[in-house]
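Below: the structure, in structure tokens.
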Protein chains: 4
Amino acid sequence: MVSQQARCIDELIPLMTRWRRDLHKYAEPGWLEFRTASIVADELEALGYELQLGKEVIDEQSRMGVPPHEILARHEQRAIDEGANRKWVNYFTGGYTGVVGTIRMNKPGPTVGIRFDMDALHINESVDISHVPVEQNFASIHEGEMHACGHDAHTSIGLAVANYLAKHREELTGTYKLIFQPAEEGVRGAKSMVAAGVVDDVDLFLTSHVGINVDLGTVVSGIDNFLATTKFNVVFKGKASHAGGFPEEGKNALLAASSAVLNLHSIPRSGKGQSQINVGKLRSGYDRNIIPAFAEMQVETRGETTEINTYMVAKAMNIIKGAAQMYDIDYKVEIVGEANTSQSSKQLKNYIQKVLSDVPIVDKVLDSAPFPIGSEDATYMMNKVIENGGLSTYMIFGTDLAAGHHHEKFDINEKVLEIGLAAYIEIIGGIAKFTIENEFR
Amino acid sequence: MVSQQARCIDELIPLMTRWRRDLHKYAEPGWLEFRTASIVADELEALGYELQLGKEVIDEQSRMGVPPHEILARHEQRAIDEGANRKWVNYFTGGYTGVVGTIRMNKPGPTVGIRFDMDALHINESVDISHVPVEQNFASIHEGEMHACGHDAHTSIGLAVANYLAKHREELTGTYKLIFQPAEEGVRGAKSMVAAGVVDDVDLFLTSHVGINVDLGTVVSGIDNFLATTKFNVVFKGKASHAGGFPEEGKNALLAASSAVLNLHSIPRSGKGQSQINVGKLRSGYDRNIIPAFAEMQVETRGETTEINTYMVAKAMNIIKGAAQMYDIDYKVEIVGEANTSQSSKQLKNYIQKVLSDVPIVDKVLDSAPFPIGSEDATYMMNKVIENGGLSTYMIFGTDLAAGHHHEKFDINEKVLEIGLAAYIEIIGGIAKFTIENEFR
Amino acid sequence: MVSQQARCIDELIPLMTRWRRDLHKYAEPGWLEFRTASIVADELEALGYELQLGKEVIDEQSRMGVPPHEILARHEQRAIDEGANRKWVNYFTGGYTGVVGTIRMNKPGPTVGIRFDMDALHINESVDISHVPVEQNFASIHEGEMHACGHDAHTSIGLAVANYLAKHREELTGTYKLIFQPAEEGVRGAKSMVAAGVVDDVDLFLTSHVGINVDLGTVVSGIDNFLATTKFNVVFKGKASHAGGFPEEGKNALLAASSAVLNLHSIPRSGKGQSQINVGKLRSGYDRNIIPAFAEMQVETRGETTEINTYMVAKAMNIIKGAAQMYDIDYKVEIVGEANTSQSSKQLKNYIQKVLSDVPIVDKVLDSAPFPIGSEDATYMMNKVIENGGLSTYMIFGTDLAAGHHHEKFDINEKVLEIGLAAYIEIIGGIAKFTIENEFR
Amino acid sequence: MVSQQARCIDELIPLMTRWRRDLHKYAEPGWLEFRTASIVADELEALGYELQLGKEVIDEQSRMGVPPHEILARHEQRAIDEGANRKWVNYFTGGYTGVVGTIRMNKPGPTVGIRFDMDALHINESVDISHVPVEQNFASIHEGEMHACGHDAHTSIGLAVANYLAKHREELTGTYKLIFQPAEEGVRGAKSMVAAGVVDDVDLFLTSHVGINVDLGTVVSGIDNFLATTKFNVVFKGKASHAGGFPEEGKNALLAASSAVLNLHSIPRSGKGQSQINVGKLRSGYDRNIIPAFAEMQVETRGETTEINTYMVAKAMNIIKGAAQMYDIDYKVEIVGEANTSQSSKQLKNYIQKVLSDVPIVDKVLDSAPFPIGSEDATYMMNKVIENGGLSTYMIFGTDLAAGHHHEKFDINEKVLEIGLAAYIEIIGGIAKFTIENEFR
């Protein structure tokens, strides 16, 4: 799969399909992308990129929602069994599955960061023969793990862009950092890459997603309405006792959790904009006749602004503490994911809108997503770059979908790979001019 | 109404009716028995009793559920307007409305404490002409205040017993302490009399109630199944804000209270016996469009044993604290009443059963109440006496009732006054023998 | 206060102040504007308006939140005692306190409806000497009733406009309907005037509010972001029983209400826009030791769109029904107020913006209110007119406020009366031209 | 394990240990006792008992808490693999794992029913070497299935009693029905055996339990204070939707369940005696960011009397229905276990107390259990026999326990097997005389 030399564009289109299908078949969820990241590293190394890996690009303290040790170990071993390059895997041990490849063009110019996310979801892929990955034999062979959000496509486009850049160093300007991020699902990974300084020197930041209710051929030049979000787990620990004989000796974790659930949903809606909260999962108690000694909840808050989300989290913490106090029980809250809101830079959006109008396979370019969008942790990178005086944008490459994101029959139209690559090439091609016209840096 | 000399029994029967009807007409709720207690003091003084009054018999720190200053002041003035003796009222100022009269018999013997409660309820008495107090013109003239529990009868019997004792000092033995207690309703008064040491020297303790589902002519020699109870008020103080525009700026006291209500009722039932809890009253918020900034609750717990009630209170305090924590609001709990369980002493019950079988107007003597009984704070006195090595009992004098206790048409059959007096006289008469036979003290 | 002839503008300014102060002093809450409406009727009649009153302009079935009969009767009598004209009051008996005055100009043209609301709030006015109405001796003499929202100013401006129109019939075009509406507070009155057909023939609809966070001298040409709202009362009826002895025989209305409160606040936030809910007031139970047999709640929902509010109400009804079902108790819901969202017509807003730029005492004209606005039932009228092919707008005339709306020290700067009148005169003056330019009707 | 001839008592003691250890090793939970019941059938057949099996002794409609088909099938196959006699297993297919053996003595007399329960629990047995079954190599080889309640001892005593009866037909009177019951855990099996008529002809009913906080050597002649109980599962079915984008489209089953949990625990305590409720297990939702579409709860109620338990169930059903109504979702309740209270017959208790005083290895006989006892479905059989004019009792054979019932280290002192057998032999031996003396039947 690795070549000594970058391919030309015509070669890249079928290659993207091959990469995407291979990654789809060997789907790896967040912090477990041992094989995926080692393929990326192999390819970037072969293309002459300077590599940073593992703890160099992932700050240990800032990781969120990392799986337990035994799962990390089992997946690492599995990746090796499935052909991952041990050389890279050693960097990734413990779930530090990030890769950044840097390449300098022959002419001076801004540093452009492009970010691609690599992780799959914890979903069982459909086995229905009508599902194209089944029919074409690239459905996930990992039970309960599936690329149902298109990050396989993102990584494939990333590898194609890497090839293109390596082949066009002569004509292009500046420096390119290709950032392959783990654990975007659950908004767990980006914060730790920012904390490791990955985007500190980036002047222009680009990233993108396929699908998301946008038609094939349509590109959104920049999204502004991601919701800020915090994901956290709560464990209430009470005390068991026999419900028939000695109920008064127990400390009922389920009553604490039930109170928490009702009151979390009762947090006053903010008058400043949309706020959301959900307790998506609750597990409590083992036996009908025993006072439940534990309750575990998975919770998320959202806000139209980071401020609103912060408000929701603060109120939620009060409620959880109070619920534990009510039943004199212990509790623990673990933040397992977090993302903020972000604005795509207007100049960059306008520039993209202009240059993409020249791309034949792009039918339409929108400058915003006119519908609710979920949350994204690339916003950490976007905000950091903007804070440092740079520009950022988050694009959508529309595609037909066989079924919605996170569905067991999710599948993209692979034509979007070509559109994505073409868009990046067009954008990259004009950056020199854009930089001058905008007196940017 | 006051005489210089104790009357004979035949005179006492009509007198008890007169006293009872007068007290009924001028009903005074707990800590407000200014007129009632001054009538008691007048009578006892006239009979030659040594008197203790006010703060001497009521410990300031141990009073519970005392009305606000302005209500105390208004009722004190009213009592004077209605003929209360200013000499005594001065002792009662601020609601210290207790009276203890002590009289020594000519022969040595144990100290016998007999307790009578004096307070009325906050109830509007029926104005229906079929209601005997209306027809006979002794219905309460105090709006919202009514003797709907028979304490007017208790006090009247107490005054008759006082007369009897004063007339029979020659034949009787020992010392008698007649304890006229305020604020039994809401179990607020007895604790403070015990704390003032009123029963410290009592060897035999007697008290009684009229009615309570027992037929006229039947006497219960001793009750064992009072429920322990704690009465408390809770105030949650949050922060108002406009519900349409700025709900996030408020702190919702009603949500805290609603959570508290549900969770208070969810306290695990004890496997050790009956437990109860009730939030009987809740008031919260002023306006539909304002986040409620306050919530006030009236709560009571009960337990088949004092231990169970203590358990309920401890759990309730956790829940209230937790509910306030949930919404980051302040709260205050005030204990406004408390009573424990108690056992009537077997020896005393047996003795009473024996001597009352000789009283013609007593048809039947039971040794327990075979049905749920509420709570009583005379239990504080009973327990203290037993702790000190003495004996205690709580009797019921059955009577027909026009309507149940605490009902606006509650009314006793006044024949019970005679039965009560006869029972006390018979019991008093045999105490010398009882003391010797039981080697009591 | 009534004149035979319309006054000129210079006379109107001090008159508006006099009217406003008189109405302020004799503040009358919703459906109780007997005196206010009779003053309006007196004035309009004197000016030669054709009058419609009472049930002719208020549809009986569509009234909401009408006070009980005895309150209506008492206020009607009070109005007469305070000088209300019996001739008009007879029309208003039972709370039908609406007045519509129609006047035809000499030249043909569209029918212009202008609406003024007349009701006060249930608030105790401050007695602080620093409060201008106290100092100037026009504070409300009606305990618990106060013009704390500026409707006294609205009615006064309305009477001035009535005068102006009557004096300028020669130059002006079309027909003017001046709609004096009762019970805007709690959004109770407008629906019934629409149902009575009051705006069926209106082509251009104008209304306005003073204050609302807008500076003196600034006018908003049209508001678009009123929240839709529904106001309702809930009564749960359970069954009392003694909490110590027979708790199982009761049906606890407070537990039902507490569950309802928590779950009402837990209704999922809509992803389509702002939604709000508030249980602003709860009353339940009489006694600590009795299972609460009743609970009464005052609730409101809001929505950024009428659709969202409708969603909130539907969900709320499910929850209330379910809460009653939980405790096997009866319940009743009464809708006591309702209002929708509305859009001010763009053409009209632009027109107003243009003509008001010529008014010297208007410093600035905004085309929207850039902050959360509460709810308004004039939206019923606006929507009806637009439905019929007409145009509507809702203006704000900014003013300094001594304290916020609905505050006991609320007070306007009376300069706003002059600004309001000037604005209406300017708008009225250009309507002929506006009609032609816009080929309107 | 099967013999052609009944053994003498000396032989039975080591045999009971062998049986008990074999059953312990091959522990089978309720309705899955395929191997256990076939061993019982083998033994009873060999001893000459008339057998009734499967659907003849288990009424199909009255079974509760039956495992799903695939688990039944898997356990049936496992039993055969582990040596169960196919001849009997055919009768048990589908979980009808009951056996009744009847034997007629040579002399006439009453019909005596003795019931033994056979099922294990869903518990992982300890693997600690200090745990005797581990050390002695008879710990359960079935993962997650363990005799942690002593039913292995019950069945072993039953087989020994069967042997004794078969060997003493000459001297004994009447008819004996040995009832081997499945699924006592969760109180699921007895009702269906009663419904099948198993005890219709029984005059004297005996059953017993080992352990339960009673010392080795002590026997309780009859228990009166089992709690009535109902076990039920609840499933709420709502509708999933994305919590960030479209929360208003979901129907939140977890909010319904949380409300149900709080309100179930809030059911008013009965004033008539002990009541309990527990939601012991709750599972809801799959994903943090999805509105939970399901919630499953395991619930039990208890009552000091059947009436109180019935009250608790009725209130619980209202609450569950109401909670579903609140969120407009579907729900299903399945009763999976039920037992009533029962009184052991006084005559029988007295008789047992008398005859057991002659048994040297019985140190003490108590006539009641002076502590809270759980629930038992043998009460169905007891009540049916008493209803038909017979007598019933439920005994305890005390034993030291290594750890409490339902604990992973539960273990009996096997000496209790001998005590149990000796007690039954002594009771059986005197039944002829008891029958005559009591003119029983």
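Residue numbering restarts at 1 in every chain; chains get A, B, ... in the order shown in the structure tokens, and ligands count up from 1 in that same order.
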
Residue hits in chain D, query chain B, radius 7 Å, only C-alpha atoms, as a PDB file with N, CA and C atoms, in the first residue's frame:
ATOM      1  N   LEU D 262     -38.959   7.305  41.370  1.00  0.00           N
ATOM      2  CA  LEU D 262     -39.171   8.200  42.512  1.00  0.00           C
ATOM      3  C   LEU D 262     -40.569   8.045  43.087  1.00  0.00           C
ATOM      4  N   ASN D 263     -41.555   7.955  42.218  1.00  0.00           N
ATOM      5  CA  ASN D 263     -42.923   7.906  42.711  1.00  0.00           C
ATOM      6  C   ASN D 263     -43.296   6.531  43.256  1.00  0.00           C
ATOM      7  N   HIS D 265     -41.293   4.695  44.965  1.00  0.00           N
ATOM      8  CA  HIS D 265     -40.771   4.704  46.332  1.00  0.00           C
ATOM      9  C   HIS D 265     -41.581   5.656  47.225  1.00  0.00           C
ATOM     10  N   SER D 266     -42.342   6.546  46.604  1.00  0.00           N
ATOM     11  CA  SER D 266     -43.148   7.513  47.362  1.00  0.00           C
ATOM     12  C   SER D 266     -44.559   7.021  47.669  1.00  0.00           C
ATOM     13  N   ARG D 269     -46.723   4.787  52.819  1.00  0.00           N
ATOM     14  CA  ARG D 269     -46.632   3.648  53.703  1.00  0.00           C
ATOM     15  C   ARG D 269     -48.008   3.351  54.264  1.00  0.00           C
ATOM     16  N   GLY D 273     -49.473  -1.833  58.553  1.00  0.00           N
ATOM     17  CA  GLY D 273     -48.362  -2.751  58.747  1.00  0.00           C
ATOM     18  C   GLY D 273     -47.260  -2.471  57.748  1.00  0.00           C
ATOM     19  N   GLN D 274     -46.229  -3.270  57.796  1.00  0.00           N
ATOM     20  CA  GLN D 274     -45.052  -3.058  56.971  1.00  0.00           C
ATOM     21  C   GLN D 274     -45.370  -3.161  55.476  1.00  0.00           C
ATOM     22  N   GLN D 276     -43.173  -2.609  51.624  1.00  0.00           N
ATOM     23  CA  GLN D 276     -41.884  -2.327  51.008  1.00  0.00           C
ATOM     24  C   GLN D 276     -42.039  -2.255  49.504  1.00  0.00           C
TER      25      GLN D 276
END

Can you tell me which residues surround segment 178-189 of chain B at a distance of at most 6 Å, considering only C-alpha atoms, apart from same-chain residues fewer than 4 positions away, and format the answer as a PyMOL selection string?
chain B and resi 30-31+64+97-101+113-119+337-338+377

How would the residues just chosen look if you wrote them out with C-alpha atoms as a PDB file, in the first residue's frame?
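Output (selection.pdb):
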ATOM      1  CA  GLY B  30     -50.449  26.482  72.179  1.00  0.00           C
ATOM      2  CA  TRP B  31     -48.171  29.002  73.959  1.00  0.00           C
ATOM      3  CA  MET B  64     -40.634  24.512  69.969  1.00  0.00           C
ATOM      4  CA  THR B  97     -47.883  29.597  79.748  1.00  0.00           C
ATOM      5  CA  GLY B  98     -47.188  26.668  82.111  1.00  0.00           C
ATOM      6  CA  VAL B  99     -48.394  26.212  85.667  1.00  0.00           C
ATOM      7  CA  VAL B 100     -47.346  23.588  88.229  1.00  0.00           C
ATOM      8  CA  GLY B 101     -49.153  23.336  91.587  1.00  0.00           C
ATOM      9  CA  GLY B 113     -47.208  13.912  89.057  1.00  0.00           C
ATOM     10  CA  ILE B 114     -50.449  14.359  87.109  1.00  0.00           C
ATOM     11  CA  ARG B 115     -50.329  16.230  83.861  1.00  0.00           C
ATOM     12  CA  PHE B 116     -53.161  18.100  82.107  1.00  0.00           C
ATOM     13  CA  ASP B 117     -52.763  19.852  78.757  1.00  0.00           C
ATOM     14  CA  MET B 118     -54.542  23.120  78.111  1.00  0.00           C
ATOM     15  CA  ASP B 119     -54.207  24.197  74.476  1.00  0.00           C
ATOM     16  CA  GLY B 337     -42.324  19.846  67.556  1.00  0.00           C
ATOM     17  CA  GLU B 338     -41.001  16.537  68.783  1.00  0.00           C
ATOM     18  CA  ASP B 377     -45.317  14.744  74.016  1.00  0.00           C
TER      19      ASP B 377
END

As a PyMOL selection string, please: the residues near segment 294-297 of chain D (cut-off 9 Å, only C-alpha atoms, same-chain neighbours under 2 positions excluded).
(chain A and resi 282+288) or (chain D and resi 232-240+252-254+256-257+261+279-286+292+299)

Write out the residues from the selection above, keeping N, CA and C atoms, as an mmCIF file, in the first residue's frame.
data_model
loop_
_atom_site.group_PDB
_atom_site.id
_atom_site.type_symbol
_atom_site.label_atom_id
_atom_site.label_comp_id
_atom_site.auth_asym_id
_atom_site.auth_seq_id
_atom_site.Cartn_x
_atom_site.Cartn_y
_atom_site.Cartn_z
ATOM 1 N N LEU A 282 -28.337 4.859 31.310
ATOM 2 C CA LEU A 282 -28.314 4.651 32.769
ATOM 3 C C LEU A 282 -28.302 3.164 33.037
ATOM 4 N N ARG A 288 -33.498 -7.492 41.763
ATOM 5 C CA ARG A 288 -34.799 -6.968 42.124
ATOM 6 C C ARG A 288 -34.931 -6.726 43.634
ATOM 7 N N PHE D 232 -42.331 -7.896 39.582
ATOM 8 C CA PHE D 232 -42.731 -7.606 38.205
ATOM 9 C C PHE D 232 -41.663 -6.817 37.451
ATOM 10 N N ASN D 233 -41.701 -7.008 36.158
ATOM 11 C CA ASN D 233 -40.798 -6.271 35.270
ATOM 12 C C ASN D 233 -41.601 -5.231 34.505
ATOM 13 N N VAL D 234 -40.987 -4.109 34.274
ATOM 14 C CA VAL D 234 -41.636 -3.042 33.520
ATOM 15 C C VAL D 234 -40.736 -2.671 32.348
ATOM 16 N N VAL D 235 -41.332 -2.545 31.183
ATOM 17 C CA VAL D 235 -40.591 -2.027 30.026
ATOM 18 C C VAL D 235 -41.307 -0.786 29.517
ATOM 19 N N PHE D 236 -40.582 0.318 29.455
ATOM 20 C CA PHE D 236 -41.092 1.529 28.823
ATOM 21 C C PHE D 236 -40.489 1.622 27.427
ATOM 22 N N LYS D 237 -41.332 1.859 26.432
ATOM 23 C CA LYS D 237 -40.824 1.989 25.058
ATOM 24 C C LYS D 237 -41.135 3.360 24.512
ATOM 25 N N GLY D 238 -40.112 4.162 24.326
ATOM 26 C CA GLY D 238 -40.290 5.503 23.802
ATOM 27 C C GLY D 238 -39.818 5.586 22.351
ATOM 28 N N LYS D 239 -39.148 6.671 22.043
ATOM 29 C CA LYS D 239 -38.706 6.881 20.661
ATOM 30 C C LYS D 239 -37.365 7.608 20.709
ATOM 31 N N ALA D 240 -36.399 7.068 19.970
ATOM 32 C CA ALA D 240 -35.070 7.680 19.947
ATOM 33 C C ALA D 240 -35.075 8.913 19.056
ATOM 34 N N ASN D 252 -38.842 10.215 25.675
ATOM 35 C CA ASN D 252 -37.760 9.824 26.568
ATOM 36 C C ASN D 252 -38.196 8.781 27.596
ATOM 37 N N ALA D 253 -37.823 7.540 27.343
ATOM 38 C CA ALA D 253 -38.215 6.443 28.240
ATOM 39 C C ALA D 253 -37.496 6.536 29.580
ATOM 40 N N LEU D 254 -36.321 7.150 29.615
ATOM 41 C CA LEU D 254 -35.594 7.258 30.886
ATOM 42 C C LEU D 254 -36.245 8.283 31.812
ATOM 43 N N ALA D 256 -39.423 8.880 31.868
ATOM 44 C CA ALA D 256 -40.591 8.156 32.397
ATOM 45 C C ALA D 256 -40.159 7.213 33.510
ATOM 46 N N ALA D 257 -39.072 6.486 33.288
ATOM 47 C CA ALA D 257 -38.617 5.516 34.287
ATOM 48 C C ALA D 257 -38.138 6.209 35.558
ATOM 49 N N VAL D 261 -39.563 5.563 39.195
ATOM 50 C CA VAL D 261 -38.737 5.128 40.331
ATOM 51 C C VAL D 261 -39.029 5.992 41.555
ATOM 52 N N VAL D 279 -37.139 -0.807 43.371
ATOM 53 C CA VAL D 279 -36.762 -0.949 41.965
ATOM 54 C C VAL D 279 -35.298 -1.369 42.014
ATOM 55 N N GLY D 280 -35.060 -2.645 41.826
ATOM 56 C CA GLY D 280 -33.729 -3.191 42.084
ATOM 57 C C GLY D 280 -32.791 -3.084 40.908
ATOM 58 N N LYS D 281 -33.357 -2.860 39.729
ATOM 59 C CA LYS D 281 -32.516 -2.844 38.536
ATOM 60 C C LYS D 281 -33.161 -1.949 37.496
ATOM 61 N N LEU D 282 -32.345 -1.138 36.852
ATOM 62 C CA LEU D 282 -32.834 -0.285 35.768
ATOM 63 C C LEU D 282 -31.792 -0.266 34.668
ATOM 64 N N ARG D 283 -32.265 -0.459 33.452
ATOM 65 C CA ARG D 283 -31.390 -0.333 32.287
ATOM 66 C C ARG D 283 -32.110 0.559 31.303
ATOM 67 N N SER D 284 -31.418 1.585 30.812
ATOM 68 C CA SER D 284 -32.057 2.488 29.868
ATOM 69 C C SER D 284 -31.047 3.121 28.937
ATOM 70 N N GLY D 285 -31.371 3.158 27.667
ATOM 71 C CA GLY D 285 -30.603 3.922 26.686
ATOM 72 C C GLY D 285 -29.326 3.244 26.248
ATOM 73 N N TYR D 286 -28.892 3.586 25.041
ATOM 74 C CA TYR D 286 -27.674 3.012 24.488
ATOM 75 C C TYR D 286 -26.558 4.032 24.359
ATOM 76 N N PRO D 292 -33.102 8.330 25.152
ATOM 77 C CA PRO D 292 -33.286 6.899 25.438
ATOM 78 C C PRO D 292 -34.674 6.408 25.020
ATOM 79 N N VAL D 299 -38.857 -4.767 39.573
ATOM 80 C CA VAL D 299 -39.487 -4.189 40.757
ATOM 81 C C VAL D 299 -40.036 -5.293 41.648
#

By how many Å are atom CA of Val219 of chain C and atom CA of Val416 of chain C apart?
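So the answer is 10.2 Å.
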
Shell around Leu72 of chain A at 8 Å using only C-alpha atoms, local window under 2 positions removed, as JSON, numbers by chain
{"A": [31, 32, 67, 68, 69, 70, 74, 75, 76, 93, 94, 95]}

Residue selection dump (C-alpha atoms) as a short mmCIF file (atom, residue, chain, number, x, y, z; two decimals), in the first residue's frame:
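That gives us again-v9.cif:
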data_model
loop_
_atom_site.label_atom_id
_atom_site.label_comp_id
_atom_site.auth_asym_id
_atom_site.auth_seq_id
_atom_site.Cartn_x
_atom_site.Cartn_y
_atom_site.Cartn_z
CA TRP A 31 -7.74 6.05 20.70
CA LEU A 32 -7.57 2.58 19.14
CA PRO A 67 -10.61 3.21 26.95
CA PRO A 68 -9.31 1.03 29.81
CA HIS A 69 -5.84 -0.45 29.61
CA GLU A 70 -6.89 -3.99 28.64
CA ARG A 74 -6.05 -5.94 22.98
CA HIS A 75 -6.57 -3.53 20.08
CA GLU A 76 -2.87 -2.81 19.78
CA THR A 93 1.10 2.36 22.76
CA GLY A 94 -1.44 3.39 25.36
CA GLY A 95 -3.67 5.04 22.76
#

For His168 of chain D: contacts at 10 Å, only C-alpha atoms, fewer than 3 positions along chain excluded, given as a PyMOL selection string:
chain D and resi 6+8+105-106+163-165+171-173+429

Go ahead and write the residues just picked, N, CA and C atoms, as a short mmCIF file (atom, residue, chain, number, x, y, z; two decimals), in the first residue's frame.
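Everything below was put into selection-v7.cif:
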data_model
loop_
_atom_site.label_atom_id
_atom_site.label_comp_id
_atom_site.auth_asym_id
_atom_site.auth_seq_id
_atom_site.Cartn_x
_atom_site.Cartn_y
_atom_site.Cartn_z
N ALA D 6 -35.12 -49.14 49.44
CA ALA D 6 -34.89 -48.02 50.36
C ALA D 6 -33.83 -48.38 51.39
N CYS D 8 -31.66 -47.92 55.05
CA CYS D 8 -31.96 -47.63 56.46
C CYS D 8 -31.34 -46.28 56.82
N MET D 105 -49.33 -45.72 52.65
CA MET D 105 -48.90 -46.58 53.74
C MET D 105 -49.91 -47.71 53.90
N ASN D 106 -49.56 -48.67 54.74
CA ASN D 106 -50.45 -49.84 54.84
C ASN D 106 -51.70 -49.57 55.66
N ASN D 163 -36.92 -42.26 51.02
CA ASN D 163 -36.38 -43.57 51.37
C ASN D 163 -37.00 -44.10 52.67
N TYR D 164 -37.03 -43.23 53.66
CA TYR D 164 -37.56 -43.64 54.96
C TYR D 164 -39.00 -44.12 54.84
N LEU D 165 -39.81 -43.36 54.15
CA LEU D 165 -41.22 -43.71 54.00
C LEU D 165 -41.38 -45.06 53.28
N GLU D 171 -45.56 -49.74 59.18
CA GLU D 171 -45.93 -49.13 60.47
C GLU D 171 -46.69 -47.81 60.30
N LEU D 172 -46.50 -47.17 59.17
CA LEU D 172 -47.04 -45.80 59.06
C LEU D 172 -48.46 -45.80 58.52
N THR D 173 -49.11 -44.63 58.65
CA THR D 173 -50.52 -44.52 58.24
C THR D 173 -50.66 -43.47 57.14
N GLY D 429 -43.63 -40.11 62.48
CA GLY D 429 -43.91 -41.22 63.39
C GLY D 429 -45.10 -40.95 64.29
#

Would you mind listing what lies within 6 Å of Ala148 of chain C as a ChimeraX atom specification, with only C-alpha atoms counted and same-chain residues fewer than 6 positions away left out?
/C:405-406,410
